[in-house]
There are 2 protein chains.
Amino acid sequence: MRDTTDLDQDMMQALARLAVRVGLNLQPEQELVMTAPTSALPLARAITAEAYRAGAKLVTPVFSDAEIARARYIHGQDAAFDHAPGWLYDGMAQAYDAGAARLALVGEDPFLLSDQDSAQVGRANRANATAYRPALSHIAEFRINWSIIACPTLAWAARIFPDLPAAEALARLAASVASTARLDQDDPVSAWASHNAGLARRCAMLNAARFDTLHFTGAGTDLRVGLAEGHFWQGGATQARNGVICNPNIPTEEVFTTPHAARVDGVVRATKPLSHHGTLIEGIEMRFEGGRAVSATATRGQDVLSQMIGTDEGAARLGEVALVPHSSPVSQCGHLFYNTLFDENAASHIAMGQCYASCLEGDDLSPDAIAARGGNSSLIHVDWMIGDGRTNVDGLRTGADPVPLMRAGEWMI
Amino acid sequence: MRDTTDLDQDMMQALARLAVRVGLNLQPEQELVMTAPTSALPLARAITAEAYRAGAKLVTPVFSDAEIARARYIHGQDAAFDHAPGWLYDGMAQAYDAGAARLALVGEDPFLLSDQDSAQVGRANRANATAYRPALSHIAEFRINWSIIACPTLAWAARIFPDLPAAEALARLAASVASTARLDQDDPVSAWASHNAGLARRCAMLNAARFDTLHFTGAGTDLRVGLAEGHFWQGGATQARNGVICNPNIPTEEVFTTPHAARVDGVVRATKPLSHHGTLIEGIEMRFEGGRAVSATATRGQDVLSQMIGTDEGAARLGEVALVPHSSPVSQCGHLFYNTLFDENAASHIAMGQCYASCLEGDDLSPDAIAARGGNSSLIHVDWMIGDGRTNVDGLRTGADPVPLMRAGEWMI
């Protein structure tokens with residue numbers, strides 16, 4: 001592919017090794033299902049070779065293509081947008097049932113469909129989400145080891161660096177992907193082991209401390225975020241139910257948990273723009289009372305912001321709070337990626353909408369049980385960045401002194 | 001893809017139109033499953049656009065990749081070669097069950113795996129064939145409309161024209177693919193309608209005539225090929241069981257039927273080399289007695305030829321006889337394609353091995369019933385060319401004069 005053939009071959013090899021050995025931790029004789037855009041073909045090939053070197057039984061790529069995806073909107077009949085390739089997703093579910101690991105290579109144009117009919121995009125997304133549910137459950141419930149990793153592509157790079165020549169934009173993005181994947185370290189696999197240990201240590205400390213509230217202060221921010229009852233901190237490597245410890249996201253810099261939907265109070269100002277459905281929302285400020293955003297303003301994209309938090313009752317409440325140091329390699333890149341895999345790892349953030357049940361203690365909680373603990377529910381889950389180099393975070397617990405967790409954006413624990 | 005982006009866009013459009021309108025005859029609101037090598041991406045994109053213009057509900061590409069296929073042989077564990085992506089084939093079968101049409105885009109390097117361990121290739125092929133059987137049955141039994149069409153690629157062109165520079169080889173192959181697809185006619189879709197009508201007329205004449213033997217004469221050839229009892233001639237467009245008339249092969253120039261496994265006598269000399277499992281077999285001569293090849297020699301590739309016809313009892317007998325005029329556009333290209341889709345349409349030919357039950361009257365015939373009619377059975381089915389500009393073919397029937405079917409390689413009917 002013209003998109004990426006000029007990328008440094010050493011980087012491709014290093015990224016492939018990281019995807020297979022750290023992201024997936026692929027096991028000998030395990031099958032691998034790899035979804036990828038056609039523009040990531042060179043990395044898909046490098047990953048395939050590495051997976052076979054790791055003892056894979058079979059690697060099956062499932063390629064998507066930007067132009068083929070767009071062709072439907074340009075040439076397709078309107079009646080067709082409620083249909084999805086359920087047969088392919090059912091096949092993938094069958095593979096996961098039989099023990100296959102799953103790698104998602106991403107790197108598409110983040111605004112691929114932003115010029116298309118938003119009603120058709122919405123219908124196609126809904127049809128896909130419904131058809132994909134059986135396959136997704138294997139992933140969401142961690143029945144298998146899985147991972148998401150990005151390939152730098154021309155189309156993506158052009159969105160991030162629209163003023164640079166194509167080759168230069170791609171080189172800049174490749175450098176950012178390399179540094180956020182810790183490929184600039186002597187031994188990236190060891191670097192991730194050590195990084196995972198740091199995240200695990202902080203999760204253990206936070207889980208032991210059982211704070212009931214986090215207190216964020218910073219420029220324009222003074223926010224108390226109550227935590228759900230029986231909340232559980234997560235971050236970094238995860239042991240899937242098949243026993244394999246994988247890194248589901250590369251990069252990942254966050255530790256995160258579930259806030260209490262009724263106990264968020266104060267003001268908070270965004271530290272980075274939010275890219276939402278193809279629109280950039282800048283200068284967000286919100287005031288929370290009793291868990292609810294009672295005011296939400298933006299210097300740009302106010303309409304989209306208002307529409308977003310008006311989606312449903314839970315859309316104006318928090319479903320996630322995550323701590324990320326300002327020195328995060330993603331933050332150090334100094335640019336947005338327009339991809340949550342990266343952008344949510346640039347700064348401490350909160351998310352409007354749906355909470356993660358996996359961040360609550362106890363298995364198979366009912367929706368009522370989740371709500372009773374303070375877990376929020378909504379059709380949306382939208383992260384936005386509230387941390388930077390001036391951010392302080394304290395852990396509060398009734399009857400105890402505040403514990404400094406972050407000072408000037410950096411970990412104190 | 002570098003492979004084909006330099007191909008003429010008009011040709012891509014014309015080939016796409018032919019694939020969708022003639023090959024598949026895709027119906028409004030029909031889903032399409034399209035397998036393709038990544039090197040055929042530009043044609044896959046053009047076909048997708050055309051399929052949506054024809055009213056497709058959804059087009060789902062399933063890409064394979066030469067380098068990913070080879071990686072298994074280079075880096076994979078030996079124990080892994082008995083495994084196939086059954087989940088993907090089962091998914092495809094599910095799509096066909098639900099009414100999807102199927103397009104196979106071909107154009108891979110014809111010798112892709114010829115340097116790899118032949119035992120591993122054989123095991124992988126067997127595993128694939130077994131896993132693919134449920135999906136294949138929809139195609140073999142024409143439950144859906146389907147088609148195979150080729151995309152010119154650099155890797156394929158380099159095998160056909162090894163002495164030409166890459167771009168020139170690709171241009172030569174593209175010209176050959178265009179002429180064999182009748183893209184050089186004013187309206188290729190009409191040209192195929194007229195071509196199909198000619199093939200249908202000849203099949204109807206041959207089916208009405210009920211010859212019991214064909215008599216081939218030519219340079220080094222004097223061969224009588226008995227036809228199976230209740231044989232049935234086929235060629236060109238086919239009506240699938242879903243009612244849609246499709247052209248399963250583009251190009252196709254042959255009319256073909258099932259010979260009688262015990263009634264083939266005389267000598268026959270090949271008119272073109274046979275490419276078999278990566279070996280070129282040249283100068284084939286065979287003598288048949290009572291249906292069986294009692295001698296089979298070649299000036300090159302004798303070992304491979306002997307091994308092939310020694311595969312099983314049926315491998316030394318005929319499973320197909322096909323008539324193709326010497327003026328066939330494929331023949332006029334003047335080169336081998338190393339792909340049966342093309343090469344079998346260059347000349348009248350016979351095939352060693354398994355017969356087609358669909359070329360016998362009556363549905364759902366048992367293996368015993370097929371054998372009783374004279375239908376051959378074998379693990380192999382290998383076509384080789386016996387026609388050229390000197391070939392005469394007569395239809396013989398007891399108690400009637402011979403009917404000239406071909407003279408100097410051309411149709412007389």
# chains A, B, ... in the order shown; residues from 1 in each chain; ligands from 1
>>> residues_around(residues="stretch 270-280 of chain A", least_positions_apart="4", cutoff="10 Å", atoms="only C-alpha atoms", output="mmCIF file with N, CA and C atoms, in the first residue's frame")
data_model
loop_
_atom_site.group_PDB
_atom_site.id
_atom_site.type_symbol
_atom_site.label_atom_id
_atom_site.label_comp_id
_atom_site.auth_asym_id
_atom_site.auth_seq_id
_atom_site.Cartn_x
_atom_site.Cartn_y
_atom_site.Cartn_z
ATOM 1 N N PRO A 110 -9.851 9.407 10.784
ATOM 2 C CA PRO A 110 -10.824 9.558 11.876
ATOM 3 C C PRO A 110 -12.096 10.285 11.440
ATOM 4 N N PHE A 111 -12.050 10.970 10.310
ATOM 5 C CA PHE A 111 -13.237 11.687 9.835
ATOM 6 C C PHE A 111 -13.768 11.071 8.545
ATOM 7 N N LEU A 112 -13.575 9.757 8.427
ATOM 8 C CA LEU A 112 -13.913 9.028 7.202
ATOM 9 C C LEU A 112 -15.321 9.318 6.701
ATOM 10 N N LEU A 113 -16.272 9.319 7.619
ATOM 11 C CA LEU A 113 -17.670 9.433 7.203
ATOM 12 C C LEU A 113 -18.283 10.765 7.623
ATOM 13 N N SER A 114 -17.420 11.714 8.021
ATOM 14 C CA SER A 114 -17.980 12.940 8.595
ATOM 15 C C SER A 114 -18.711 13.779 7.555
ATOM 16 N N ASP A 115 -18.453 13.556 6.258
ATOM 17 C CA ASP A 115 -19.168 14.303 5.218
ATOM 18 C C ASP A 115 -20.431 13.587 4.767
ATOM 19 N N SER A 118 -25.615 11.949 8.141
ATOM 20 C CA SER A 118 -25.419 11.484 9.512
ATOM 21 C C SER A 118 -26.520 10.510 9.933
ATOM 22 N N GLY A 218 -7.269 22.951 39.437
ATOM 23 C CA GLY A 218 -6.395 23.362 38.326
ATOM 24 C C GLY A 218 -6.910 24.667 37.769
ATOM 25 N N ALA A 219 -6.418 25.078 36.634
ATOM 26 C CA ALA A 219 -6.851 26.337 36.044
ATOM 27 C C ALA A 219 -8.320 26.225 35.643
ATOM 28 N N GLY A 220 -9.171 26.937 36.368
ATOM 29 C CA GLY A 220 -10.602 26.911 36.058
ATOM 30 C C GLY A 220 -11.312 25.684 36.585
ATOM 31 N N THR A 221 -10.630 24.860 37.344
ATOM 32 C CA THR A 221 -11.217 23.594 37.813
ATOM 33 C C THR A 221 -11.159 23.492 39.324
ATOM 34 N N ILE A 284 -14.464 23.804 26.671
ATOM 35 C CA ILE A 284 -15.593 23.306 27.461
ATOM 36 C C ILE A 284 -15.444 23.703 28.926
ATOM 37 N N GLU A 285 -16.529 24.184 29.497
ATOM 38 C CA GLU A 285 -16.612 24.377 30.949
ATOM 39 C C GLU A 285 -17.941 23.802 31.424
ATOM 40 N N MET A 286 -17.892 23.068 32.532
ATOM 41 C CA MET A 286 -19.141 22.530 33.092
ATOM 42 C C MET A 286 -19.190 22.795 34.581
ATOM 43 N N ALA A 298 -19.206 25.979 25.748
ATOM 44 C CA ALA A 298 -18.006 25.773 24.944
ATOM 45 C C ALA A 298 -17.766 27.032 24.124
ATOM 46 N N ARG A 300 -16.468 26.866 21.232
ATOM 47 C CA ARG A 300 -16.735 26.423 19.858
ATOM 48 C C ARG A 300 -17.418 25.057 19.942
ATOM 49 N N GLY A 301 -18.457 24.855 19.143
ATOM 50 C CA GLY A 301 -19.145 23.562 19.116
ATOM 51 C C GLY A 301 -20.173 23.431 20.219
ATOM 52 N N GLN A 302 -20.705 24.584 20.688
ATOM 53 C CA GLN A 302 -21.696 24.574 21.782
ATOM 54 C C GLN A 302 -22.897 23.679 21.441
ATOM 55 N N VAL A 304 -23.160 21.054 19.468
ATOM 56 C CA VAL A 304 -22.856 19.623 19.524
ATOM 57 C C VAL A 304 -22.721 19.188 20.981
ATOM 58 N N LEU A 305 -22.103 20.044 21.790
ATOM 59 C CA LEU A 305 -21.954 19.735 23.217
ATOM 60 C C LEU A 305 -23.320 19.616 23.890
ATOM 61 N N MET A 308 -25.078 16.544 22.805
ATOM 62 C CA MET A 308 -24.461 15.349 23.376
ATOM 63 C C MET A 308 -24.951 15.116 24.802
ATOM 64 N N HIS A 335 0.055 16.869 20.346
ATOM 65 C CA HIS A 335 -1.031 17.046 19.357
ATOM 66 C C HIS A 335 -2.149 16.058 19.660
ATOM 67 N N LEU A 336 -3.366 16.399 19.188
ATOM 68 C CA LEU A 336 -4.467 15.445 19.259
ATOM 69 C C LEU A 336 -4.259 14.357 18.217
ATOM 70 N N PHE A 337 -4.811 13.167 18.494
ATOM 71 C CA PHE A 337 -4.767 12.063 17.522
ATOM 72 C C PHE A 337 -6.138 11.836 16.879
ATOM 73 N N TYR A 338 -7.184 12.468 17.398
ATOM 74 C CA TYR A 338 -8.564 12.229 16.942
ATOM 75 C C TYR A 338 -8.922 10.752 17.017
ATOM 76 N N ASN A 339 -8.372 10.079 18.024
ATOM 77 C CA ASN A 339 -8.642 8.667 18.237
ATOM 78 C C ASN A 339 -8.536 8.441 19.745
ATOM 79 N N THR A 340 -9.614 7.952 20.337
ATOM 80 C CA THR A 340 -9.666 7.821 21.796
ATOM 81 C C THR A 340 -8.557 6.927 22.332
ATOM 82 N N ASP A 343 -6.006 9.722 22.564
ATOM 83 C CA ASP A 343 -6.330 10.991 23.209
ATOM 84 C C ASP A 343 -6.697 10.828 24.681
ATOM 85 N N ALA A 346 -3.758 11.109 27.102
ATOM 86 C CA ALA A 346 -2.945 12.322 27.120
ATOM 87 C C ALA A 346 -3.117 13.098 28.417
ATOM 88 N N ALA A 347 -4.218 12.853 29.138
ATOM 89 C CA ALA A 347 -4.491 13.667 30.323
ATOM 90 C C ALA A 347 -5.525 12.964 31.194
ATOM 91 N N SER A 348 -5.529 13.332 32.473
ATOM 92 C CA SER A 348 -6.618 12.887 33.337
ATOM 93 C C SER A 348 -7.924 13.319 32.693
ATOM 94 N N HIS A 349 -8.943 12.453 32.775
ATOM 95 C CA HIS A 349 -10.185 12.765 32.068
ATOM 96 C C HIS A 349 -11.389 12.220 32.821
ATOM 97 N N ILE A 350 -12.519 12.727 32.406
ATOM 98 C CA ILE A 350 -13.794 12.208 32.870
ATOM 99 C C ILE A 350 -14.612 11.865 31.630
ATOM 100 N N VAL A 382 -18.520 9.448 26.512
ATOM 101 C CA VAL A 382 -17.634 10.398 25.824
ATOM 102 C C VAL A 382 -16.615 10.956 26.810
ATOM 103 N N ASP A 383 -15.330 10.629 26.534
ATOM 104 C CA ASP A 383 -14.240 11.111 27.388
ATOM 105 C C ASP A 383 -13.867 12.544 27.029
ATOM 106 N N TRP A 384 -13.568 13.346 28.030
ATOM 107 C CA TRP A 384 -12.935 14.641 27.741
ATOM 108 C C TRP A 384 -11.884 14.970 28.787
ATOM 109 N N MET A 385 -10.886 15.702 28.339
ATOM 110 C CA MET A 385 -9.638 15.862 29.088
ATOM 111 C C MET A 385 -9.727 17.022 30.064
ATOM 112 N N ILE A 386 -9.369 16.781 31.314
ATOM 113 C CA ILE A 386 -9.430 17.844 32.328
ATOM 114 C C ILE A 386 -8.097 18.026 33.049
ATOM 115 N N GLY A 387 -7.072 17.245 32.651
ATOM 116 C CA GLY A 387 -5.774 17.354 33.346
ATOM 117 C C GLY A 387 -4.722 18.039 32.496
ATOM 118 N N ASP A 388 -3.811 18.722 33.151
ATOM 119 C CA ASP A 388 -2.618 19.250 32.480
ATOM 120 C C ASP A 388 -1.527 19.451 33.529
ATOM 121 N N GLY A 389 -0.541 20.240 33.228
ATOM 122 C CA GLY A 389 0.605 20.396 34.126
ATOM 123 C C GLY A 389 0.295 21.185 35.378
ATOM 124 N N THR A 391 -2.616 20.487 37.173
ATOM 125 C CA THR A 391 -3.663 19.728 37.855
ATOM 126 C C THR A 391 -3.165 19.091 39.155
#
>>> interface_residues(of="chain B", to="chain A", cutoff="9 Å", atoms="only C-alpha atoms", output="PyMOL selection string")
chain B and resi 1-3+29+38+41+44-46+48-65+67-69+71-72+74-77+79-81+83-95
>>> residues_around(residues="stretch 141-153 of chain B", least_positions_apart="5", cutoff="6 Å", atoms="only C-alpha atoms", output="JSON, numbers by chain")
{"B": [3, 4, 23, 24, 40, 101, 102, 103, 104, 105, 106, 107, 174, 240, 241, 242, 246, 248, 249, 250]}
>>> residues_around(residues="A:Trp233", least_positions_apart="4", cutoff="6 Å", atoms="only C-alpha atoms", output="ChimeraX atom specification")
/A:203,256-257
>>> write_last_selection(atoms="all heavy atoms", output="PDB file, in the first residue's frame")
ATOM      1  N   CYS A 203      -3.040   1.070  41.005  1.00  0.00           N
ATOM      2  CA  CYS A 203      -4.403   0.520  41.187  1.00  0.00           C
ATOM      3  C   CYS A 203      -4.528  -0.140  42.558  1.00  0.00           C
ATOM      4  O   CYS A 203      -5.535   0.059  43.264  1.00  0.00           O
ATOM      5  CB  CYS A 203      -4.717  -0.507  40.095  1.00  0.00           C
ATOM      6  SG  CYS A 203      -5.034   0.235  38.485  1.00  0.00           S
ATOM      7  N   PHE A 256      -8.318   3.944  36.008  1.00  0.00           N
ATOM      8  CA  PHE A 256      -9.674   4.489  35.902  1.00  0.00           C
ATOM      9  C   PHE A 256     -10.640   3.702  36.767  1.00  0.00           C
ATOM     10  O   PHE A 256     -10.410   2.536  37.087  1.00  0.00           O
ATOM     11  CB  PHE A 256     -10.140   4.481  34.444  1.00  0.00           C
ATOM     12  CG  PHE A 256     -10.152   3.115  33.806  1.00  0.00           C
ATOM     13  CD1 PHE A 256     -11.335   2.389  33.682  1.00  0.00           C
ATOM     14  CD2 PHE A 256      -8.976   2.539  33.332  1.00  0.00           C
ATOM     15  CE1 PHE A 256     -11.348   1.125  33.090  1.00  0.00           C
ATOM     16  CE2 PHE A 256      -8.976   1.269  32.750  1.00  0.00           C
ATOM     17  CZ  PHE A 256     -10.162   0.565  32.631  1.00  0.00           C
ATOM     18  N   THR A 257     -11.724   4.386  37.134  1.00  0.00           N
ATOM     19  CA  THR A 257     -12.762   3.725  37.917  1.00  0.00           C
ATOM     20  C   THR A 257     -14.108   4.382  37.655  1.00  0.00           C
ATOM     21  O   THR A 257     -14.226   5.272  36.797  1.00  0.00           O
ATOM     22  CB  THR A 257     -12.412   3.697  39.419  1.00  0.00           C
ATOM     23  OG1 THR A 257     -13.270   2.764  40.082  1.00  0.00           O
ATOM     24  CG2 THR A 257     -12.556   5.076  40.061  1.00  0.00           C
TER      25      THR A 257
END
>>> atom_distance(atom1="atom CA of B:Phe216", atom2="atom CA of B:Asn392")
5.8 Å
>>> residues_around(residues="B:Val393", least_positions_apart="2", cutoff="6 Å", atoms="only C-alpha atoms", output="list in words")
His215, Phe216, Leu405 and Met406 of chain B
>>> write_last_selection(atoms="C-alpha atoms", output="PDB file, in the first residue's frame")
ATOM      1  CA  HIS B 215     -14.007 -38.031 -32.976  1.00  0.00           C
ATOM      2  CA  PHE B 216     -11.017 -35.688 -32.693  1.00  0.00           C
ATOM      3  CA  LEU B 405     -18.775 -30.107 -35.442  1.00  0.00           C
ATOM      4  CA  MET B 406     -15.417 -28.390 -35.936  1.00  0.00           C
TER       5      MET B 406
END
>>> decode(residues="stretch 152-199 of chain B", atoms="C-alpha atoms", output="CSV table (one decimal), in the first residue's frame")
chain,number,residue,atom,x,y,z
B,152,PRO,CA,-4.4,-8.2,-13.7
B,153,THR,CA,-1.7,-7.9,-11.0
B,154,LEU,CA,2.0,-7.4,-11.1
B,155,ALA,CA,2.8,-10.8,-9.5
B,156,TRP,CA,0.7,-12.7,-12.0
B,157,ALA,CA,2.0,-10.7,-15.0
B,158,ALA,CA,5.6,-11.3,-14.0
B,159,ARG,CA,5.0,-15.1,-14.2
B,160,ILE,CA,3.5,-14.8,-17.7
B,161,PHE,CA,6.1,-12.4,-19.1
B,162,PRO,CA,9.2,-13.0,-17.0
B,163,ASP,CA,11.4,-11.2,-19.5
B,164,LEU,CA,9.5,-7.9,-19.7
B,165,PRO,CA,9.8,-5.0,-17.3
B,166,ALA,CA,7.1,-5.1,-14.6
B,167,ALA,CA,4.9,-2.2,-16.0
B,168,GLU,CA,5.1,-3.6,-19.5
B,169,ALA,CA,4.2,-7.1,-18.3
B,170,LEU,CA,1.2,-5.7,-16.4
B,171,ALA,CA,0.1,-3.8,-19.4
B,172,ARG,CA,0.3,-6.9,-21.6
B,173,LEU,CA,-1.7,-9.0,-19.1
B,174,ALA,CA,-4.3,-6.2,-18.7
B,175,ALA,CA,-4.7,-6.1,-22.5
B,176,SER,CA,-5.2,-9.9,-22.5
B,177,VAL,CA,-7.7,-9.8,-19.7
B,178,ALA,CA,-9.6,-6.9,-21.5
B,179,SER,CA,-9.8,-8.7,-24.8
B,180,THR,CA,-10.9,-12.1,-23.2
B,181,ALA,CA,-13.6,-10.2,-21.2
B,182,ARG,CA,-14.7,-8.6,-24.5
B,183,LEU,CA,-14.0,-5.1,-23.2
B,184,ASP,CA,-12.7,-4.3,-26.6
B,185,GLN,CA,-16.2,-4.5,-28.0
B,186,ASP,CA,-18.4,-1.4,-28.3
B,187,ASP,CA,-20.8,-2.7,-25.6
B,188,PRO,CA,-19.2,-5.5,-23.6
B,189,VAL,CA,-22.5,-6.3,-21.9
B,190,SER,CA,-24.3,-6.8,-25.2
B,191,ALA,CA,-21.3,-8.7,-26.5
B,192,TRP,CA,-21.7,-11.2,-23.7
B,193,ALA,CA,-25.4,-11.6,-24.3
B,194,SER,CA,-24.7,-12.5,-27.9
B,195,HIS,CA,-21.8,-14.8,-26.9
B,196,ASN,CA,-24.0,-16.5,-24.3
B,197,ALA,CA,-26.7,-17.0,-27.0
B,198,GLY,CA,-24.2,-18.7,-29.3
B,199,LEU,CA,-23.0,-21.1,-26.5
